Amino acid sequence: MDKENLKFVIVGHIDHGKSTLIGRLLYDTDSLPKGKIEEIEQICKSLGKDIEFGYVMDHLEEERDQGITIDTAQIFFNTTKRNYVIIDAPGHVEFIKNMISGASQAEAAVLIVDVDEGVKEQTKRHAYILGMLGLDQVIVVINKMDMVGYERGKFETVKKELLDFLSGINIKPSYIVPISAKEGDLIAGKNENMDWYQGPDFLQALDSFRVKESAKDKPLRFVVQDVYNFDKRIIAGRVESGIIRKGDKIKILPSGEETTVKSVEEFLKNVTEAEAGKSTGIITEDKLFIDRGDVIVHDRDVPVLTNHIRANIFWMDNTPYNKGDTLWFRCATQDVACEIEKISRVINSSTLDLIAEDADEIKNREVADIIIKTDKPVVVENFNTIEELGRFVLRTDDTLAGGIITELVQ
Amino acid sequence: MKHLDQLESQSIYIIREAYKQFKNIAILWSIGKDSTTLMWLTRKAFYGKVPFPALHIDTSYKFQEIYDFRSEWADKWDMELIIGKNGQSLNEGMGPDASDKLACCGQLKTEALKQTIDKYGFKALLLGIRRDEHGIRAKERVFSPRDKQFKWDYKDQPPELWDQFKNQQQGEQHIRVHPLLHWTEQDIWKYIQRENIPVVDLYFANNGKRYRSIGCETCCEPVDSDADTVDKIVEELMTTKISERSGRAQDKESAYVMQKLRALGYM
């Protein structure tokens, strides 16, 4: 039997112990390759430091010298139940775009808070981003319990402070676990110092995450990547949701033309269907003009075409957006010019304070509730309906902002 | 979908994105198991009609088995093959014994690659690196820009969300595209097993030794193993604690050599 696979991200304020937690987890579950601990001991010695589990994750010279994670890293790790990919996201405010790149790939999240410091700027910002990205499976770990003598009162105080904040942004953590990543308390089986805590340890809490469900039962959205004219004319793309089958009556959007799926094409293999997540190709009964960015749907379940979209975006570039600037809106393979028509609200992503209403600019690290007007109509969805067509980026050459669609404006 | 099908589809999506965006690209084929798996996936992506060449950077110190495999499969798969060599440096006697290993890799791999990219004007290269291979590779993006000096600015990588990959910009010489970044060594072998992908014999145990990772004959050491079939390798990887690249000389010289090599454009 194949084990399940799950990707989760660890986020939190700088120095609250993300990398140490991962290092400890790998060490306690005997997941480190032979020689790794010796190598880390040697590096720590050469830098004149005590053994530091964080070095398992922090691989760049600068990361080790400065003791901070600069870029997101992914590490593979197995329990008896699952294969995990851990995404270690940097906690420094300057590397927020790296944190978002990491978090955007996760199915679940762990938020780490230092019991002595409590809720800090990046704790809030990261939690807010998790909510924005639709990551609703969250475990909280309150770290460095060893530093406060494993005192229950300190844990309860931080827990309350955090829950107050999280409830305001609609995040309900499934567990809040007191831990010491440094000493290994309540990570993977060991609990000698906090008998007042009755819940699961960190590893058990992780195993309670659910694997993301396939979108195959949702309406068909087949996005066209390219058209190949080798021996046959194959429409190449990915099924973002639903299932496409030979013989299906389909509609090509935005043109609205209709045809039938003549065949589903795989190399050296005979298939008759392809489900959500599959990169595949189809041949259509009629030779229609089909191009990259087109979305193929079933004629019985046609989505709305719109050029007005309401969304929440996170701006992550040093250059602010000024009203009137033209950007590219990219959702799946759709790529159209757009403008932000209305900046309804701009919010400080850390304090969550309202910066401005009906604003004229959005600056780095600000969150905004906006209305986008695209040059051409696009096939998009509310993020809660079909995630894959409910998220987008705004860009020039590089990605400047990531966004989640909250409403299709008619 | 099963795990291997998900990995496969994600890779095919990335390969197709790279070709659509850059057209003038090549697949860097080291003839190892990963880049051979990448060849396999690329053939699937384009229904056997790969519209760009495979590029082998040949240090001329590779195992004979690698050269034999290269001719056999480039031919069977009907791939256009480009062989890139730093002829001048080789004529001047460069080799692993002539200099330190970092300089040798620099001249015979990185410099040879630079010359070949210049010659053909490739805009992007498909590479079979994986995040689980090495800590530094765990921090790579799927589309990763290199400047004219081939430098990788790992401190300021562009954001990468939801398979929206970057465009090429001024000052960027080429983009490294990594379709296998999300695979593990075990995934690769399970996929080789499932798809029956050919690999060089060096991976299979002979007299109690096999290679986990292959490159130049002069700089690779085999590991102790009795795994002489793909099935046995898959079995072995479930329990081993020896890291994959433990036999590769370049990783050992210092903790930061790999970071330096990558920042300087090593693949």
# chains A, B, ... in the order shown; residues from 1 in each chain; ligands from 1

$ residues_around --residues "A:Ile86" --least-positions-apart "5" --cutoff "12 Å" --atoms "only C-alpha atoms" --output "number ranges by chain"
A: 5-11, 18-19, 21-23, 25-26, 57, 72-78, 102-103, 105-110, 206; B: 131-132, 138, 182

$ write_last_selection --atoms "N, CA, C and O atoms" --output "tab-separated table (two decimals), in the first residue's frame"
chain	number	residue	atom	x	y	z
A	5	ASN	N	0.70	11.18	1.27
A	5	ASN	CA	1.71	12.24	1.19
A	5	ASN	C	1.08	13.55	1.59
A	5	ASN	O	-0.04	13.85	1.16
A	6	LEU	N	1.77	14.32	2.39
A	6	LEU	CA	1.22	15.59	2.82
A	6	LEU	C	2.33	16.63	2.97
A	6	LEU	O	3.41	16.34	3.47
A	7	LYS	N	2.02	17.84	2.49
A	7	LYS	CA	2.98	18.95	2.57
A	7	LYS	C	2.49	19.96	3.60
A	7	LYS	O	1.36	20.41	3.50
A	8	PHE	N	3.33	20.30	4.55
A	8	PHE	CA	2.93	21.37	5.47
A	8	PHE	C	4.04	22.38	5.65
A	8	PHE	O	5.22	22.08	5.47
A	9	VAL	N	3.64	23.59	6.00
A	9	VAL	CA	4.61	24.67	6.16
A	9	VAL	C	4.71	25.03	7.64
A	9	VAL	O	3.73	24.93	8.38
A	10	ILE	N	5.92	25.39	8.07
A	10	ILE	CA	6.10	25.88	9.44
A	10	ILE	C	6.37	27.37	9.37
A	10	ILE	O	7.31	27.82	8.70
A	11	VAL	N	5.50	28.15	10.02
A	11	VAL	CA	5.65	29.60	9.99
A	11	VAL	C	5.69	30.17	11.40
A	11	VAL	O	5.35	29.49	12.36
A	18	LYS	N	11.61	27.79	14.34
A	18	LYS	CA	11.13	26.93	13.24
A	18	LYS	C	12.17	25.90	12.82
A	18	LYS	O	11.89	24.71	12.78
A	19	SER	N	13.36	26.39	12.50
A	19	SER	CA	14.38	25.46	11.99
A	19	SER	C	14.78	24.47	13.07
A	19	SER	O	15.03	23.29	12.78
A	21	LEU	N	12.89	23.29	15.44
A	21	LEU	CA	11.82	22.31	15.56
A	21	LEU	C	11.95	21.22	14.49
A	21	LEU	O	11.82	20.03	14.76
A	22	ILE	N	12.25	21.65	13.27
A	22	ILE	CA	12.39	20.67	12.19
A	22	ILE	C	13.60	19.77	12.43
A	22	ILE	O	13.53	18.55	12.32
A	23	GLY	N	14.71	20.40	12.80
A	23	GLY	CA	15.91	19.62	13.09
A	23	GLY	C	15.65	18.59	14.19
A	23	GLY	O	16.02	17.42	14.09
A	25	LEU	N	12.74	17.34	15.11
A	25	LEU	CA	11.79	16.33	14.63
A	25	LEU	C	12.52	15.24	13.83
A	25	LEU	O	12.29	14.05	14.01
A	26	LEU	N	13.42	15.69	12.96
A	26	LEU	CA	14.16	14.73	12.14
A	26	LEU	C	15.08	13.88	13.01
A	26	LEU	O	15.23	12.69	12.80
A	57	MET	N	18.42	22.58	8.66
A	57	MET	CA	17.63	23.26	7.64
A	57	MET	C	18.34	24.45	7.02
A	57	MET	O	18.11	24.77	5.87
A	72	THR	N	13.08	29.75	1.82
A	72	THR	CA	12.28	28.59	2.14
A	72	THR	C	13.00	27.33	1.66
A	72	THR	O	13.63	27.32	0.62
A	73	ALA	N	12.93	26.28	2.46
A	73	ALA	CA	13.53	25.01	2.06
A	73	ALA	C	12.49	23.93	2.24
A	73	ALA	O	11.56	24.08	3.03
A	74	GLN	N	12.62	22.86	1.48
A	74	GLN	CA	11.69	21.75	1.65
A	74	GLN	C	12.47	20.51	2.02
A	74	GLN	O	13.50	20.22	1.43
A	75	ILE	N	11.96	19.81	3.02
A	75	ILE	CA	12.67	18.62	3.45
A	75	ILE	C	11.67	17.46	3.55
A	75	ILE	O	10.51	17.67	3.89
A	76	PHE	N	12.15	16.29	3.23
A	76	PHE	CA	11.28	15.12	3.16
A	76	PHE	C	11.45	14.29	4.42
A	76	PHE	O	12.57	14.11	4.89
A	77	PHE	N	10.36	13.79	4.94
A	77	PHE	CA	10.41	13.13	6.22
A	77	PHE	C	9.23	12.16	6.33
A	77	PHE	O	8.15	12.42	5.82
A	78	ASN	N	9.46	10.99	6.94
A	78	ASN	CA	8.41	9.97	6.97
A	78	ASN	C	8.03	9.57	8.38
A	78	ASN	O	8.88	9.46	9.25
A	102	GLY	N	6.68	29.54	-0.08
A	102	GLY	CA	6.63	28.27	0.63
A	102	GLY	C	5.22	27.90	1.01
A	102	GLY	O	4.75	26.78	0.74
A	103	ALA	N	4.52	28.83	1.64
A	103	ALA	CA	3.18	28.55	2.16
A	103	ALA	C	2.19	28.23	1.04
A	103	ALA	O	1.25	27.46	1.23
A	105	GLN	N	2.47	26.38	-1.34
A	105	GLN	CA	2.53	24.99	-1.79
A	105	GLN	C	2.01	24.01	-0.74
A	105	GLN	O	2.02	22.80	-0.96
A	106	ALA	N	1.61	24.53	0.43
A	106	ALA	CA	1.29	23.64	1.54
A	106	ALA	C	-0.19	23.29	1.61
A	106	ALA	O	-1.05	24.02	1.12
A	107	GLU	N	-0.47	22.14	2.24
A	107	GLU	CA	-1.85	21.71	2.48
A	107	GLU	C	-2.27	22.01	3.91
A	107	GLU	O	-3.44	21.98	4.26
A	108	ALA	N	-1.27	22.25	4.78
A	108	ALA	CA	-1.55	22.48	6.19
A	108	ALA	C	-0.40	23.30	6.76
A	108	ALA	O	0.63	23.46	6.10
A	109	ALA	N	-0.60	23.83	7.97
A	109	ALA	CA	0.44	24.71	8.51
A	109	ALA	C	0.63	24.50	10.00
A	109	ALA	O	-0.29	24.13	10.73
A	110	VAL	N	1.87	24.76	10.43
A	110	VAL	CA	2.20	24.78	11.84
A	110	VAL	C	2.67	26.20	12.16
A	110	VAL	O	3.55	26.72	11.49
A	206	LEU	N	0.51	16.25	14.03
A	206	LEU	CA	0.76	16.28	12.57
A	206	LEU	C	-0.03	15.19	11.86
A	206	LEU	O	-0.62	15.43	10.81
B	131	ARG	N	15.04	18.43	-4.70
B	131	ARG	CA	15.25	19.12	-3.43
B	131	ARG	C	15.88	18.23	-2.36
B	131	ARG	O	16.58	18.70	-1.49
B	132	ASP	N	15.61	16.93	-2.42
B	132	ASP	CA	16.11	16.08	-1.34
B	132	ASP	C	17.57	15.67	-1.53
B	132	ASP	O	18.14	15.01	-0.68
B	138	ALA	N	17.46	22.17	-1.79
B	138	ALA	CA	16.14	22.29	-1.14
B	138	ALA	C	15.61	23.70	-1.22
B	138	ALA	O	14.43	23.95	-1.00
B	182	HIS	N	10.44	18.35	-6.98
B	182	HIS	CA	9.57	17.82	-5.93
B	182	HIS	C	9.66	16.30	-5.78
B	182	HIS	O	8.90	15.71	-5.01

$ closest_residue --among "A:Glu258, A:Glu117, A:Asp301, A:Asp201" --to "A:Glu161" --atoms "only C-alpha atoms"
A:Glu117

$ closest_residue --among "A:Phe95, A:Tyr27, A:Phe329, A:Tyr175" --to "A:Met316" --atoms "only C-alpha atoms"
A:Phe95

$ closest_residue --among "B:Arg212, B:Lys151, B:Lys33, B:Lys166" --to "B:Ile129" --atoms "only C-alpha atoms"
B:Lys33

$ closest_residue --among "A:Phe383, A:Phe155, A:Phe222, A:Phe392" --to "A:Ala276" --atoms "only C-alpha atoms"
A:Phe222

$ select_by_dssp --residues "stretch 108-232 of chain A" --states "alpha helix (DSSP H)" --output "mmCIF file with C-alpha atoms, in the first residue's frame"
data_model
loop_
_atom_site.group_PDB
_atom_site.id
_atom_site.type_symbol
_atom_site.label_atom_id
_atom_site.label_comp_id
_atom_site.auth_asym_id
_atom_site.auth_seq_id
_atom_site.Cartn_x
_atom_site.Cartn_y
_atom_site.Cartn_z
ATOM 1 C CA GLU A 121 4.683 40.952 14.274
ATOM 2 C CA GLN A 122 5.446 37.963 12.010
ATOM 3 C CA THR A 123 3.240 35.663 14.099
ATOM 4 C CA LYS A 124 0.318 37.824 13.089
ATOM 5 C CA ARG A 125 1.390 38.434 9.531
ATOM 6 C CA HIS A 126 2.078 34.779 8.864
ATOM 7 C CA ALA A 127 -1.195 33.699 10.443
ATOM 8 C CA TYR A 128 -3.006 36.227 8.338
ATOM 9 C CA ILE A 129 -1.322 34.951 5.165
ATOM 10 C CA LEU A 130 -2.276 31.375 6.060
ATOM 11 C CA GLY A 131 -5.880 32.486 6.286
ATOM 12 C CA MET A 132 -5.630 34.351 3.008
ATOM 13 C CA ARG A 152 1.518 26.014 32.687
ATOM 14 C CA GLY A 153 0.484 29.575 33.504
ATOM 15 C CA LYS A 154 2.862 31.039 30.909
ATOM 16 C CA PHE A 155 1.531 28.616 28.290
ATOM 17 C CA GLU A 156 -2.091 29.497 29.059
ATOM 18 C CA THR A 157 -1.359 33.234 28.808
ATOM 19 C CA VAL A 158 0.216 32.985 25.372
ATOM 20 C CA LYS A 159 -2.443 30.519 24.243
ATOM 21 C CA LYS A 160 -5.185 32.965 25.166
ATOM 22 C CA GLU A 161 -3.429 35.912 23.525
ATOM 23 C CA LEU A 162 -2.994 33.901 20.348
ATOM 24 C CA LEU A 163 -6.509 32.477 20.245
ATOM 25 C CA ASP A 164 -7.925 35.979 20.640
ATOM 26 C CA PHE A 165 -5.977 37.071 17.616
ATOM 27 C CA LEU A 166 -6.684 33.980 15.500
ATOM 28 C CA SER A 167 -10.425 34.048 16.104
ATOM 29 C CA GLY A 168 -10.473 37.543 14.558
ATOM 30 C CA PHE A 202 3.609 17.436 17.978
ATOM 31 C CA LEU A 203 4.093 14.320 15.871
ATOM 32 C CA GLN A 204 0.670 12.940 16.800
ATOM 33 C CA ALA A 205 -0.892 16.315 16.028
ATOM 34 C CA LEU A 206 0.760 16.278 12.574
ATOM 35 C CA ASP A 207 -0.706 12.880 11.810
#

$ closest_residue --among "B:Ile83, B:Leu108, B:Ile66, B:Leu181" --to "B:Gly95" --atoms "only C-alpha atoms"
B:Leu108

$ residues_around --residues "B:Ile188" --least-positions-apart "6" --cutoff "9 Å" --atoms "only C-alpha atoms" --output "list of chain:residue names"
B:Leu4, B:Lys33, B:Asp34, B:Thr37

$ residues_around --residues "B:Tyr47" --least-positions-apart "2" --cutoff "8 Å" --atoms "only C-alpha atoms" --output "PyMOL selection string"
(chain A and resi 266-268) or (chain B and resi 43-45+49-50)

$ residues_around --residues "B:Leu113" --least-positions-apart "3" --cutoff "8 Å" --atoms "only C-alpha atoms" --output "list in words"
Ile57, Gly84, Lys85, Lys109, Thr110, Thr116 and Ile117 of chain B

$ write_last_selection --atoms "C-alpha atoms" --output "mmCIF file, in the first residue's frame"
data_model
loop_
_atom_site.group_PDB
_atom_site.id
_atom_site.type_symbol
_atom_site.label_atom_id
_atom_site.label_comp_id
_atom_site.auth_asym_id
_atom_site.auth_seq_id
_atom_site.Cartn_x
_atom_site.Cartn_y
_atom_site.Cartn_z
ATOM 1 C CA ILE B 57 28.247 18.276 -20.885
ATOM 2 C CA GLY B 84 29.415 20.208 -24.982
ATOM 3 C CA LYS B 85 33.106 20.137 -24.088
ATOM 4 C CA LYS B 109 31.386 21.441 -16.387
ATOM 5 C CA THR B 110 30.416 25.061 -15.712
ATOM 6 C CA THR B 116 27.594 25.626 -25.195
ATOM 7 C CA ILE B 117 24.784 27.949 -24.114
#
